[in-house]
>>> print(open('final26.cif').read())   # mmCIF, C-alpha atoms
data_start
loop_
_atom_site.label_atom_id
_atom_site.label_comp_id
_atom_site.auth_asym_id
_atom_site.auth_seq_id
_atom_site.Cartn_x
_atom_site.Cartn_y
_atom_site.Cartn_z
CA MET A 1 -40.29 20.30 -40.18
CA LEU A 2 -37.38 21.71 -38.25
CA ARG A 3 -38.35 23.75 -35.27
CA ILE A 4 -36.03 25.58 -33.01
CA ASP A 5 -37.79 27.22 -30.12
CA SER A 6 -38.04 27.53 -26.34
CA ASN A 7 -37.65 23.78 -26.01
CA ILE A 8 -33.88 24.34 -26.06
CA LEU A 9 -34.28 26.03 -22.69
CA TRP A 10 -36.43 23.20 -21.29
CA ILE A 11 -33.92 20.64 -22.45
CA ILE A 12 -31.06 22.57 -20.85
CA ILE A 13 -33.00 22.82 -17.57
CA ASN A 14 -33.87 19.13 -17.79
CA LEU A 15 -30.25 18.18 -18.38
CA LEU A 16 -29.06 20.30 -15.47
CA ILE A 17 -31.66 18.65 -13.24
CA LEU A 18 -30.58 15.24 -14.58
CA TYR A 19 -26.95 16.11 -13.79
CA ALA A 20 -27.87 17.13 -10.24
CA LEU A 21 -29.98 14.01 -9.72
CA MET A 22 -27.37 11.65 -11.15
CA LYS A 23 -24.75 13.24 -8.96
CA ARG A 24 -27.02 12.95 -5.94
CA PHE A 25 -28.22 9.39 -6.60
CA LEU A 26 -25.37 7.65 -8.39
CA PHE A 27 -22.01 9.38 -8.39
CA GLN A 28 -21.94 10.98 -4.96
CA PRO A 29 -22.98 7.90 -2.94
CA VAL A 30 -20.67 5.56 -4.84
CA HIS A 31 -17.77 8.02 -4.63
CA ASP A 32 -18.41 8.41 -0.89
CA ILE A 33 -18.35 4.67 -0.37
CA LEU A 34 -15.21 4.26 -2.47
CA GLU A 35 -13.55 7.09 -0.57
CA LYS A 36 -14.54 5.56 2.77
CA ARG A 37 -13.20 2.19 1.70
CA LYS A 38 -9.99 3.79 0.50
CA GLN A 39 -9.57 5.61 3.79
CA GLU A 40 -10.21 2.43 5.71
CA ILE A 41 -7.66 0.56 3.64
CA GLU A 42 -5.16 3.36 4.10
CA SER A 43 -5.69 3.46 7.86
CA ASP A 44 -5.38 -0.33 7.97
CA PHE A 45 -2.16 -0.06 6.04
CA ALA A 46 -0.88 2.66 8.34
CA LEU A 47 -1.76 0.55 11.35
CA ALA A 48 -0.07 -2.49 9.84
CA ASN A 49 3.01 -0.43 9.08
CA GLN A 50 3.05 0.91 12.60
CA LYS A 51 2.77 -2.61 14.01
CA LYS A 52 5.52 -3.72 11.70
CA GLN A 53 7.70 -0.86 12.90
CA GLU A 54 6.99 -1.78 16.49
CA ALA A 55 7.76 -5.41 15.84
CA LEU A 56 10.99 -4.43 14.15
CA GLU A 57 11.93 -2.26 17.10
CA SER A 58 11.26 -4.99 19.62
CA LYS A 59 13.17 -7.44 17.45
CA ASN A 60 16.12 -5.06 17.40
CA LYS A 61 15.85 -4.69 21.15
CA ALA A 62 15.75 -8.43 21.60
CA ASP A 63 18.72 -8.83 19.28
CA GLN A 64 20.59 -6.21 21.28
CA GLN A 65 19.77 -8.00 24.52
CA LEU A 66 20.79 -11.30 23.03
CA ALA A 67 24.07 -9.79 21.93
CA ASN A 68 24.61 -8.34 25.42
CA MET A 69 23.89 -11.69 26.97
CA GLN A 70 26.27 -13.33 24.55
CA THR A 71 29.00 -10.91 25.57
CA ILE A 72 28.33 -11.51 29.26
CA CYS A 73 28.24 -15.21 28.66
CA ASP A 74 31.51 -15.11 26.73
CA GLY A 75 33.08 -13.11 29.54
CA MET A 76 31.91 -15.55 32.14
CA LEU A 77 33.11 -18.46 30.07
CA ALA A 78 36.51 -16.88 29.61
CA ASP A 79 36.72 -16.19 33.37
CA ALA A 80 35.74 -19.72 34.17
CA LYS A 81 38.26 -21.07 31.72
CA GLU A 82 40.99 -18.95 33.21
CA LYS A 83 40.06 -19.99 36.71
CA ALA A 84 39.90 -23.60 35.70
CA SER A 85 43.26 -23.45 34.03
CA LEU A 86 44.77 -21.79 37.10
CA GLU A 87 43.27 -24.42 39.35
CA TYR A 88 44.43 -27.12 37.00
CA GLU A 89 47.94 -25.88 37.12
CA GLN A 90 47.75 -25.61 40.89
CA ILE A 91 46.51 -29.17 41.16
CA ILE A 92 49.18 -30.43 38.81
CA ALA A 93 51.84 -28.58 40.74
CA ASP A 94 50.51 -29.99 44.04
CA ALA A 95 50.41 -33.46 42.60
CA ASN A 96 53.92 -33.14 41.29
CA MET A 97 55.11 -31.99 44.64
CA LYS A 98 53.35 -34.81 46.42
CA SER A 99 54.63 -37.40 44.05
CA ASP A 100 58.18 -36.11 44.46
CA GLU A 101 57.72 -36.36 48.18
CA MET A 102 56.37 -39.88 47.92
CA ILE A 103 59.19 -40.91 45.62
CA GLU A 104 61.69 -39.49 48.10
CA GLN A 105 60.06 -41.31 51.00
CA ALA A 106 59.97 -44.52 49.05
CA ARG A 107 63.64 -44.10 48.24
CA ILE A 108 64.48 -43.54 51.89
CA LYS A 109 62.40 -46.54 52.92
CA THR A 110 64.05 -48.66 50.29
CA ILE A 111 67.49 -47.63 51.50
CA GLU A 112 66.46 -48.34 55.07
CA ALA A 113 65.09 -51.72 54.16
CA ALA A 114 68.21 -52.51 52.20
CA ASN A 115 70.36 -51.51 55.17
CA GLU A 116 68.26 -53.66 57.45
CA GLU A 117 68.58 -56.55 55.05
CA LYS A 118 72.26 -55.95 54.85
CA ALA A 119 72.58 -55.97 58.63
CA LYS A 120 70.48 -59.10 58.84
CA ALA A 121 72.56 -60.79 56.23
CA LYS A 122 75.67 -59.73 57.99
CA SER A 123 74.61 -61.27 61.27
CA GLU A 124 73.43 -64.36 59.52
CA ILE A 125 76.71 -64.66 57.67
CA ALA A 126 78.54 -64.15 60.98
CA ASP A 127 76.44 -66.90 62.54
CA LEU A 128 77.19 -69.14 59.67
CA ILE A 129 80.85 -68.37 59.95
CA ASN A 130 80.75 -69.06 63.67
CA LYS A 131 78.91 -72.25 63.07
CA ALA A 132 81.32 -73.20 60.39
CA ALA A 133 84.19 -72.32 62.66
CA ASP A 134 82.64 -74.38 65.34
CA LYS A 135 82.26 -77.25 63.00
CA ILE A 136 85.74 -76.88 61.78
CA THR A 137 87.02 -76.91 65.34
CA ASN A 138 84.88 -79.90 66.15
CA THR A 139 86.02 -81.73 63.06
CA LYS A 140 89.63 -81.18 63.98
CA SER A 141 89.15 -82.73 67.39
CA ASP A 142 87.48 -85.70 65.81
CA GLU A 143 90.49 -86.15 63.62
CA LYS A 144 92.69 -85.93 66.66
CA LEU A 145 90.50 -88.42 68.41
CA TYR A 146 90.84 -90.67 65.48
CA ASP A 147 94.51 -90.09 65.40
CA ASP A 148 94.75 -90.72 69.13
CA PHE A 149 92.65 -93.72 68.84
CA LEU A 150 94.69 -95.09 66.04
CA LYS A 151 97.83 -94.35 67.90
CA GLU A 152 96.55 -96.22 70.88
CA MET A 153 95.57 -99.13 68.79
CA LYS A 154 98.96 -99.45 67.47
CA MET B 1 -43.49 7.47 -53.20
CA GLU B 2 -45.44 10.64 -52.44
CA GLU B 3 -47.06 8.86 -49.59
CA PHE B 4 -43.76 7.67 -48.23
CA THR B 5 -42.33 11.17 -48.33
CA LYS B 6 -45.33 12.47 -46.48
CA GLU B 7 -45.10 9.71 -43.90
CA LEU B 8 -41.40 10.26 -43.44
CA LEU B 9 -41.97 13.98 -42.96
CA ASP B 10 -44.64 13.13 -40.45
CA GLN B 11 -42.24 10.89 -38.58
CA LEU B 12 -39.54 13.51 -38.66
CA ASN B 13 -41.83 16.20 -37.45
CA VAL B 14 -41.39 17.05 -33.79
CA ASP B 15 -44.84 17.04 -32.29
CA THR B 16 -45.95 19.26 -29.51
CA ALA B 17 -46.89 17.12 -26.55
CA PHE B 18 -48.80 19.83 -24.72
CA THR B 19 -48.75 23.54 -24.20
CA ILE B 20 -48.35 25.50 -20.99
CA GLY B 21 -49.39 29.09 -21.64
CA PRO B 22 -47.25 30.37 -24.50
CA PHE B 23 -44.82 27.43 -24.33
CA ALA B 24 -45.29 24.46 -26.61
CA ILE B 25 -43.63 21.57 -24.82
CA SER B 26 -42.33 19.22 -27.47
CA GLU B 27 -42.36 15.47 -27.52
CA SER B 28 -38.60 15.35 -27.12
CA VAL B 29 -38.82 17.15 -23.77
CA VAL B 30 -41.35 14.63 -22.54
CA ILE B 31 -39.20 11.72 -23.73
CA THR B 32 -36.23 13.38 -22.02
CA TRP B 33 -38.25 13.15 -18.81
CA VAL B 34 -38.71 9.46 -19.46
CA VAL B 35 -34.96 9.03 -20.03
CA MET B 36 -34.27 11.03 -16.87
CA ALA B 37 -36.75 8.97 -14.88
CA ILE B 38 -35.19 5.70 -16.09
CA LEU B 39 -31.64 6.85 -15.27
CA VAL B 40 -32.45 8.36 -11.88
CA LEU B 41 -34.68 5.52 -10.70
CA LEU B 42 -32.13 2.95 -11.84
CA SER B 43 -29.37 4.85 -10.02
CA ALA B 44 -31.43 5.24 -6.86
CA TRP B 45 -32.27 1.53 -6.93
CA LEU B 46 -28.64 0.51 -7.54
CA THR B 47 -27.21 2.72 -4.81
CA ARG B 48 -29.72 1.86 -2.13
CA GLY B 49 -28.09 0.62 1.06
CA LEU B 50 -24.45 0.99 0.12
CA LYS B 51 -21.98 -0.67 2.46
CA VAL B 52 -18.24 -0.30 2.91
CA HIS B 53 -17.82 -4.02 3.65
CA ASN B 54 -19.32 -6.99 1.86
CA PRO B 55 -21.09 -5.09 -0.91
CA GLY B 56 -24.08 -6.79 -2.50
CA LYS B 57 -24.43 -7.61 -6.20
CA LYS B 58 -26.34 -4.38 -6.82
CA GLN B 59 -23.62 -2.33 -5.19
CA ILE B 60 -20.91 -4.09 -7.17
CA VAL B 61 -22.78 -3.23 -10.37
CA ALA B 62 -23.18 0.41 -9.26
CA GLU B 63 -19.51 0.65 -8.28
CA SER B 64 -18.35 -0.97 -11.53
CA ILE B 65 -20.46 1.45 -13.58
CA VAL B 66 -19.22 4.51 -11.71
CA ILE B 67 -15.59 3.37 -11.73
CA TRP B 68 -15.78 2.57 -15.44
CA LEU B 69 -17.41 5.93 -16.25
CA ASP B 70 -14.87 7.82 -14.13
CA LYS B 71 -11.94 6.05 -15.74
CA PHE B 72 -13.38 6.45 -19.21
CA THR B 73 -14.16 10.16 -18.88
CA ILE B 74 -11.04 11.12 -16.92
CA SER B 75 -8.87 9.37 -19.51
CA MET B 76 -10.34 11.77 -22.09
CA LEU B 77 -10.49 14.86 -19.89
CA GLY B 78 -7.04 14.60 -18.40
CA GLU B 79 -6.01 15.22 -14.81
CA ASN B 80 -6.62 18.98 -14.99
CA ALA B 81 -10.29 18.66 -15.78
CA LYS B 82 -11.33 15.55 -13.90
CA GLU B 83 -13.87 17.53 -11.89
CA TYR B 84 -16.08 17.59 -15.01
CA SER B 85 -16.14 13.81 -15.28
CA THR B 86 -19.54 13.51 -13.59
CA TYR B 87 -21.13 15.90 -16.09
CA ILE B 88 -19.53 14.11 -19.04
CA SER B 89 -20.68 10.74 -17.66
CA THR B 90 -24.23 12.05 -17.25
CA ILE B 91 -24.29 13.36 -20.82
CA LEU B 92 -22.90 10.05 -22.07
CA LEU B 93 -25.64 8.11 -20.28
CA TYR B 94 -28.32 10.54 -21.46
CA ILE B 95 -27.33 10.54 -25.15
CA GLY B 96 -26.72 6.79 -25.08
CA LEU B 97 -30.16 6.03 -23.69
CA ALA B 98 -31.84 8.74 -25.80
CA ASN B 99 -30.38 7.27 -28.98
CA ILE B 100 -31.56 3.73 -28.32
CA ILE B 101 -34.94 4.64 -26.87
CA GLY B 102 -36.30 4.19 -30.40
CA ILE B 103 -36.33 0.44 -29.83
CA PHE B 104 -38.93 0.97 -27.09
CA GLY B 105 -41.20 2.65 -29.62
CA MET B 106 -40.42 6.23 -28.64
CA LYS B 107 -38.95 8.89 -30.87
CA PRO B 108 -35.33 9.47 -29.90
CA PRO B 109 -35.06 13.00 -28.42
CA THR B 110 -31.76 13.45 -30.23
CA LYS B 111 -33.78 13.45 -33.45
CA ASP B 112 -35.05 16.88 -32.37
CA MET B 113 -32.60 19.62 -33.18
CA ASN B 114 -33.58 21.51 -30.04
CA VAL B 115 -32.02 18.73 -27.97
CA THR B 116 -28.77 18.63 -29.89
CA ILE B 117 -28.55 22.43 -29.84
CA ALA B 118 -29.09 22.39 -26.08
CA LEU B 119 -26.39 19.75 -25.63
CA ALA B 120 -23.96 21.62 -27.86
CA LEU B 121 -24.62 24.93 -26.08
CA MET B 122 -23.99 23.31 -22.71
CA SER B 123 -20.79 21.76 -24.07
CA ILE B 124 -19.37 25.02 -25.41
CA VAL B 125 -20.27 26.86 -22.20
CA LEU B 126 -18.56 24.15 -20.18
CA ILE B 127 -15.52 24.20 -22.48
CA GLU B 128 -15.04 27.95 -22.20
CA VAL B 129 -15.87 28.07 -18.46
CA SER B 130 -13.34 25.34 -17.77
CA GLY B 131 -10.77 27.33 -19.73
CA ILE B 132 -11.51 30.50 -17.76
CA ARG B 133 -11.45 28.63 -14.44
CA THR B 134 -8.08 27.07 -15.17
CA LYS B 135 -6.27 29.91 -16.90
CA GLY B 136 -8.08 32.95 -15.51
CA LEU B 137 -9.83 35.47 -17.72
CA LYS B 138 -6.56 36.92 -18.99
CA GLY B 139 -5.08 33.55 -19.74
CA TRP B 140 -8.27 32.46 -21.45
CA ILE B 141 -8.28 35.51 -23.74
CA LYS B 142 -4.58 35.07 -24.38
CA SER B 143 -5.14 31.44 -25.34
CA PHE B 144 -6.94 32.63 -28.49
CA THR B 145 -3.66 33.96 -29.85
CA GLN B 146 -1.91 30.66 -29.43
CA PRO B 147 0.11 29.05 -30.89
CA VAL B 148 0.57 32.07 -33.23
CA ALA B 149 -1.31 35.37 -33.41
CA VAL B 150 -2.38 34.72 -37.01
CA VAL B 151 -4.79 31.97 -35.96
CA THR B 152 -6.73 34.24 -33.60
CA PRO B 153 -9.73 34.67 -35.93
CA ILE B 154 -9.92 30.93 -36.45
CA ASN B 155 -9.77 30.34 -32.71
CA ILE B 156 -12.59 32.81 -32.15
CA LEU B 157 -14.55 31.20 -34.95
CA GLU B 158 -14.12 27.86 -33.18
CA ILE B 159 -16.36 29.06 -30.34
CA PHE B 160 -19.18 28.90 -32.87
CA THR B 161 -18.07 26.11 -35.14
CA ARG B 162 -17.41 23.61 -32.37
CA PRO B 163 -20.93 23.55 -30.93
CA LEU B 164 -22.37 23.77 -34.40
CA SER B 165 -20.46 20.71 -35.55
CA LEU B 166 -21.29 18.83 -32.33
CA CYS B 167 -24.96 19.65 -32.69
CA MET B 168 -25.20 18.89 -36.42
CA ARG B 169 -23.17 15.69 -36.19
CA LEU B 170 -25.40 14.19 -33.54
CA PHE B 171 -28.61 15.41 -35.17
CA GLY B 172 -27.55 14.35 -38.64
CA ASN B 173 -26.45 10.88 -37.60
CA VAL B 174 -29.56 10.13 -35.60
CA ILE B 175 -31.91 11.48 -38.23
CA GLY B 176 -29.96 9.73 -41.00
CA ALA B 177 -30.20 6.43 -39.18
CA PHE B 178 -33.89 7.05 -38.56
CA VAL B 179 -34.62 7.79 -42.24
CA ILE B 180 -32.66 4.76 -43.42
CA MET B 181 -34.45 2.53 -40.93
CA GLU B 182 -37.83 3.84 -42.11
CA MET B 183 -36.89 3.13 -45.72
CA ILE B 184 -35.67 -0.39 -44.92
CA LYS B 185 -38.89 -1.03 -43.02
CA MET B 186 -40.85 0.08 -46.06
CA VAL B 187 -38.94 -2.13 -48.50
CA VAL B 188 -38.58 -5.29 -46.37
CA PRO B 189 -40.80 -5.24 -43.32
CA VAL B 190 -39.61 -8.61 -41.95
CA PHE B 191 -36.33 -9.67 -40.31
CA ILE B 192 -33.99 -7.31 -42.23
CA PRO B 193 -35.00 -4.24 -40.15
CA THR B 194 -34.03 -6.13 -36.99
CA VAL B 195 -30.50 -6.71 -38.23
CA PHE B 196 -30.07 -3.14 -39.39
CA SER B 197 -31.69 -1.85 -36.23
CA LEU B 198 -28.88 -3.49 -34.26
CA TYR B 199 -26.43 -1.36 -36.18
CA PHE B 200 -28.35 1.89 -36.55
CA ASP B 201 -30.10 1.99 -33.19
CA PHE B 202 -27.62 0.31 -30.88
CA PHE B 203 -24.16 0.59 -32.38
CA ASP B 204 -24.57 3.94 -34.07
CA GLY B 205 -26.51 5.29 -31.08
CA PHE B 206 -23.67 4.49 -28.71
CA ILE B 207 -21.02 5.59 -31.19
CA GLN B 208 -22.67 8.99 -31.51
CA ALA B 209 -22.96 9.32 -27.74
CA TYR B 210 -19.29 8.43 -27.48
CA VAL B 211 -18.26 10.84 -30.24
CA PHE B 212 -20.19 13.68 -28.63
CA VAL B 213 -18.68 13.27 -25.17
CA PHE B 214 -15.28 12.43 -26.63
CA LEU B 215 -15.12 15.70 -28.55
CA THR B 216 -16.50 17.72 -25.65
CA SER B 217 -13.92 16.13 -23.33
CA LEU B 218 -11.16 16.73 -25.82
CA PHE B 219 -12.06 20.41 -26.09
CA ILE B 220 -12.22 20.71 -22.30
CA ALA B 221 -8.85 18.97 -21.98
CA GLU B 222 -7.44 21.38 -24.53
CA ALA B 223 -8.98 24.39 -22.77
CA THR B 224 -7.61 23.36 -19.37
CA GLU B 225 -4.19 22.50 -20.72
CA THR B 226 -1.43 24.20 -18.74
CA GLU B 227 2.15 24.48 -19.83
#
>>> encode(input="final26.cif", output="structure tokens")
Amino acid sequence: MLRIDSNILWIIINLLILYALMKRFLFQPVHDILEKRKQEIESDFALANQKKQEALESKNKADQQLANMQTICDGMLADAKEKASLEYEQIIADANMKSDEMIEQARIKTIEAANEEKAKAKSEIADLINKAADKITNTKSDEKLYDDFLKEMK
Amino acid sequence: MEEFTKELLDQLNVDTAFTIGPFAISESVVITWVVMAILVLLSAWLTRGLKVHNPGKKQIVAESIVIWLDKFTISMLGENAKEYSTYISTILLYIGLANIIGIFGMKPPTKDMNVTIALALMSIVLIEVSGIRTKGLKGWIKSFTQPVAVVTPINILEIFTRPLSLCMRLFGNVIGAFVIMEMIKMVVPVFIPTVFSLYFDFFDGFIQAYVFVFLTSLFIAEATETE
């Protein structure tokens, strides 16, 4: 019933052939494809990483530039502010000076006008006095006339 | 009962399919060719026109099978011996299909002791070769005295007991299942054999294939173990 013979050898040869064929037809092709896919994924990843690195670098550059621009801008703003404040002070000083001048002139004019008025009033008062004096003199003669007249009537 | 015994012996007998000169080629060798043809043709069909992008359904099946087999065998073999995973996978597929080929009306080749002896011989050669390749000849010889020198005879004995147990376990299980199935068929020819066939042909067939490659892998992992 049990037989152990040369068939062991045939089976071993068969199994070795089966191993070679399975490797050739199933394992090798599938492993190759999986390896290729893995490599592709890895290269894609590497490329993506490289792009990311590049993007990061350009972002840093842009940030740096932005910061530089900010500094320049701040400097310019500070300059402008300083200039403006200087100019402002200059203008204020000028205005103050001018207004002082104008006030002075106005004062002088006022004094002049007052003097003129004074002089005018003086002459007018003198006129009035003269006129009054005249009147007084005239009135006195009228009284005398009356007196004379009365005396004559008597 | 006499008749049954005779029939059973007939069934168990390994017939000679044909003879080439002095060599009597047994049935199991011929059925091994059938198993080989099924596996290789199926593989060739599955892996035809593989693509890196947009794999077809066939390719997905092929990839899943290979990935599963790789993972399964490497998990048993360990990282040191993963180069043997293709061989272990092939043996797993062969024993698995050989054990269940009975349901297609053929005698399982694993029922022939020549087949299990061949498998066990290949396993022990692979186990020792993997040990020599990893540790070198000196390291391999030294490994017999480990962990303590006292166990050296037992370790040497293992070179013979391991393949013997592998061979006998597979042979005994398959033949046991075969005999029980024949007896069930004789007692109740309807329905019941189908149910038991599911267990003895399918489940036990795969379990034995698994046990065989599991033990072989374990021995290889042990042989290639480095401190």
>>> closest_atom_pairs(input="final26.cif", of="chain B", to="chain A", cutoff="9 Å", atoms="only C-alpha atoms", output="JSON lines")
{"residue": "B:Leu9", "atom": "CA", "partner": "A:Met1", "partner_atom": "CA", "distance": 7.1}
{"residue": "B:Asp10", "atom": "CA", "partner": "A:Met1", "partner_atom": "CA", "distance": 8.4}
{"residue": "B:Leu12", "atom": "CA", "partner": "A:Met1", "partner_atom": "CA", "distance": 7.0}
{"residue": "B:Asn13", "atom": "CA", "partner": "A:Met1", "partner_atom": "CA", "distance": 5.2}
{"residue": "B:Val14", "atom": "CA", "partner": "A:Met1", "partner_atom": "CA", "distance": 7.3}
{"residue": "B:Phe23", "atom": "CA", "partner": "A:Ser6", "partner_atom": "CA", "distance": 7.1}
{"residue": "B:Ala24", "atom": "CA", "partner": "A:Asn7", "partner_atom": "CA", "distance": 7.7}
{"residue": "B:Ile25", "atom": "CA", "partner": "A:Asn7", "partner_atom": "CA", "distance": 6.5}
{"residue": "B:Ser26", "atom": "CA", "partner": "A:Asn7", "partner_atom": "CA", "distance": 6.7}
{"residue": "B:Ser28", "atom": "CA", "partner": "A:Ile11", "partner_atom": "CA", "distance": 8.5}
{"residue": "B:Val29", "atom": "CA", "partner": "A:Ile11", "partner_atom": "CA", "distance": 6.2}
{"residue": "B:Thr32", "atom": "CA", "partner": "A:Asn14", "partner_atom": "CA", "distance": 7.5}
{"residue": "B:Trp33", "atom": "CA", "partner": "A:Asn14", "partner_atom": "CA", "distance": 7.5}
{"residue": "B:Met36", "atom": "CA", "partner": "A:Leu18", "partner_atom": "CA", "distance": 6.0}
{"residue": "B:Ala37", "atom": "CA", "partner": "A:Leu18", "partner_atom": "CA", "distance": 8.8}
{"residue": "B:Leu39", "atom": "CA", "partner": "A:Met22", "partner_atom": "CA", "distance": 7.6}
{"residue": "B:Val40", "atom": "CA", "partner": "A:Met22", "partner_atom": "CA", "distance": 6.1}
{"residue": "B:Leu41", "atom": "CA", "partner": "A:Phe25", "partner_atom": "CA", "distance": 8.6}
{"residue": "B:Leu42", "atom": "CA", "partner": "A:Leu26", "partner_atom": "CA", "distance": 8.9}
{"residue": "B:Ser43", "atom": "CA", "partner": "A:Leu26", "partner_atom": "CA", "distance": 5.1}
{"residue": "B:Ala44", "atom": "CA", "partner": "A:Phe25", "partner_atom": "CA", "distance": 5.3}
{"residue": "B:Trp45", "atom": "CA", "partner": "A:Phe25", "partner_atom": "CA", "distance": 8.8}
{"residue": "B:Leu46", "atom": "CA", "partner": "A:Leu26", "partner_atom": "CA", "distance": 7.9}
{"residue": "B:Thr47", "atom": "CA", "partner": "A:Leu26", "partner_atom": "CA", "distance": 6.4}
{"residue": "B:Arg48", "atom": "CA", "partner": "A:Phe25", "partner_atom": "CA", "distance": 8.9}
{"residue": "B:Leu50", "atom": "CA", "partner": "A:Ile33", "partner_atom": "CA", "distance": 7.1}
{"residue": "B:Lys51", "atom": "CA", "partner": "A:Ile33", "partner_atom": "CA", "distance": 7.0}
{"residue": "B:Val52", "atom": "CA", "partner": "A:Arg37", "partner_atom": "CA", "distance": 5.8}
{"residue": "B:His53", "atom": "CA", "partner": "A:Arg37", "partner_atom": "CA", "distance": 8.0}
{"residue": "B:Gln59", "atom": "CA", "partner": "A:Val30", "partner_atom": "CA", "distance": 8.4}
{"residue": "B:Ala62", "atom": "CA", "partner": "A:Val30", "partner_atom": "CA", "distance": 7.2}
{"residue": "B:Glu63", "atom": "CA", "partner": "A:Val30", "partner_atom": "CA", "distance": 6.1}
{"residue": "B:Val66", "atom": "CA", "partner": "A:Phe27", "partner_atom": "CA", "distance": 6.5}
{"residue": "B:Ile67", "atom": "CA", "partner": "A:His31", "partner_atom": "CA", "distance": 8.8}
{"residue": "B:Thr86", "atom": "CA", "partner": "A:Lys23", "partner_atom": "CA", "distance": 7.0}
{"residue": "B:Tyr87", "atom": "CA", "partner": "A:Tyr19", "partner_atom": "CA", "distance": 6.3}
{"residue": "B:Thr90", "atom": "CA", "partner": "A:Tyr19", "partner_atom": "CA", "distance": 6.0}
{"residue": "B:Ile91", "atom": "CA", "partner": "A:Tyr19", "partner_atom": "CA", "distance": 8.0}
{"residue": "B:Tyr94", "atom": "CA", "partner": "A:Leu15", "partner_atom": "CA", "distance": 8.5}
{"residue": "B:Asp112", "atom": "CA", "partner": "A:Leu2", "partner_atom": "CA", "distance": 8.0}
{"residue": "B:Met113", "atom": "CA", "partner": "A:Ile4", "partner_atom": "CA", "distance": 6.9}
{"residue": "B:Asn114", "atom": "CA", "partner": "A:Ile8", "partner_atom": "CA", "distance": 4.9}
{"residue": "B:Val115", "atom": "CA", "partner": "A:Ile11", "partner_atom": "CA", "distance": 6.1}
{"residue": "B:Thr116", "atom": "CA", "partner": "A:Ile8", "partner_atom": "CA", "distance": 8.6}
{"residue": "B:Ile117", "atom": "CA", "partner": "A:Ile8", "partner_atom": "CA", "distance": 6.8}
{"residue": "B:Ala118", "atom": "CA", "partner": "A:Ile8", "partner_atom": "CA", "distance": 5.2}
{"residue": "B:Leu119", "atom": "CA", "partner": "A:Ile12", "partner_atom": "CA", "distance": 7.3}
{"residue": "B:Leu121", "atom": "CA", "partner": "A:Ile12", "partner_atom": "CA", "distance": 8.6}
{"residue": "B:Met122", "atom": "CA", "partner": "A:Ile12", "partner_atom": "CA", "distance": 7.3}
>>> atom_distance(input="final26.cif", atom1="CA of Ile156 (chain B)", atom2="CA of Lys111 (chain B)")
28.7 Å
>>> closest_residue(input="final26.cif", among="B:Ile74, B:Ile65, B:Leu97, B:Ile38", to="Ser217 (chain B)", atoms="all atoms listed in the file")
B:Ile74
>>> atom_distance(input="final26.cif", atom1="CA of Tyr199 (chain B)", atom2="CA of Ser75 (chain B)")
26.5 Å
>>> atom_distance(input="final26.cif", atom1="CA of Gln146 (chain B)", atom2="CA of Phe72 (chain B)")
28.7 Å
>>> resolve_selection(input="final26.cif", expression="the PyMOL selection byres ((chain B and resi 108) around 10)", output="CSV table (one decimal) with C-alpha atoms, in the frame of the given file")
chain,number,residue,atom,x,y,z
B,27,GLU,CA,-42.4,15.5,-27.5
B,28,SER,CA,-38.6,15.4,-27.1
B,31,ILE,CA,-39.2,11.7,-23.7
B,32,THR,CA,-36.2,13.4,-22.0
B,35,VAL,CA,-35.0,9.0,-20.0
B,95,ILE,CA,-27.3,10.5,-25.2
B,97,LEU,CA,-30.2,6.0,-23.7
B,98,ALA,CA,-31.8,8.7,-25.8
B,99,ASN,CA,-30.4,7.3,-29.0
B,100,ILE,CA,-31.6,3.7,-28.3
B,101,ILE,CA,-34.9,4.6,-26.9
B,102,GLY,CA,-36.3,4.2,-30.4
B,103,ILE,CA,-36.3,0.4,-29.8
B,104,PHE,CA,-38.9,1.0,-27.1
B,105,GLY,CA,-41.2,2.6,-29.6
B,106,MET,CA,-40.4,6.2,-28.6
B,107,LYS,CA,-39.0,8.9,-30.9
B,109,PRO,CA,-35.1,13.0,-28.4
B,110,THR,CA,-31.8,13.4,-30.2
B,111,LYS,CA,-33.8,13.4,-33.4
B,112,ASP,CA,-35.0,16.9,-32.4
B,174,VAL,CA,-29.6,10.1,-35.6
B,175,ILE,CA,-31.9,11.5,-38.2
B,178,PHE,CA,-33.9,7.0,-38.6
B,201,ASP,CA,-30.1,2.0,-33.2
B,205,GLY,CA,-26.5,5.3,-31.1
>>> resolve_selection(input="final26.cif", expression="the PyMOL selection byres ((chain B and resi 209-215) around 9)", output="PyMOL selection string")
chain B and resi 73+76-77+88-89+91-97+99+120+123+166-167+169-170+204-208+216-220
>>> build_atoms(input="final26.cif", residues="region 1-6 of chain A", atoms="N, CA and C atoms", output="mmCIF file, in the frame of the given file")
data_model
loop_
_atom_site.group_PDB
_atom_site.id
_atom_site.type_symbol
_atom_site.label_atom_id
_atom_site.label_comp_id
_atom_site.auth_asym_id
_atom_site.auth_seq_id
_atom_site.Cartn_x
_atom_site.Cartn_y
_atom_site.Cartn_z
ATOM 1 N N MET A 1 -40.821 21.571 -40.711
ATOM 2 C CA MET A 1 -40.290 20.300 -40.180
ATOM 3 C C MET A 1 -39.303 20.572 -39.053
ATOM 4 N N LEU A 2 -38.312 21.390 -39.330
ATOM 5 C CA LEU A 2 -37.380 21.710 -38.250
ATOM 6 C C LEU A 2 -37.967 22.828 -37.408
ATOM 7 N N ARG A 3 -37.916 22.630 -36.112
ATOM 8 C CA ARG A 3 -38.350 23.750 -35.270
ATOM 9 C C ARG A 3 -37.317 23.984 -34.182
ATOM 10 N N ILE A 4 -36.967 25.204 -34.061
ATOM 11 C CA ILE A 4 -36.030 25.580 -33.010
ATOM 12 C C ILE A 4 -36.733 26.638 -32.172
ATOM 13 N N ASP A 5 -37.001 26.293 -30.934
ATOM 14 C CA ASP A 5 -37.790 27.220 -30.120
ATOM 15 C C ASP A 5 -37.405 27.130 -28.640
ATOM 16 N N SER A 6 -38.307 27.485 -27.785
ATOM 17 C CA SER A 6 -38.040 27.530 -26.340
ATOM 18 C C SER A 6 -37.698 26.167 -25.760
#
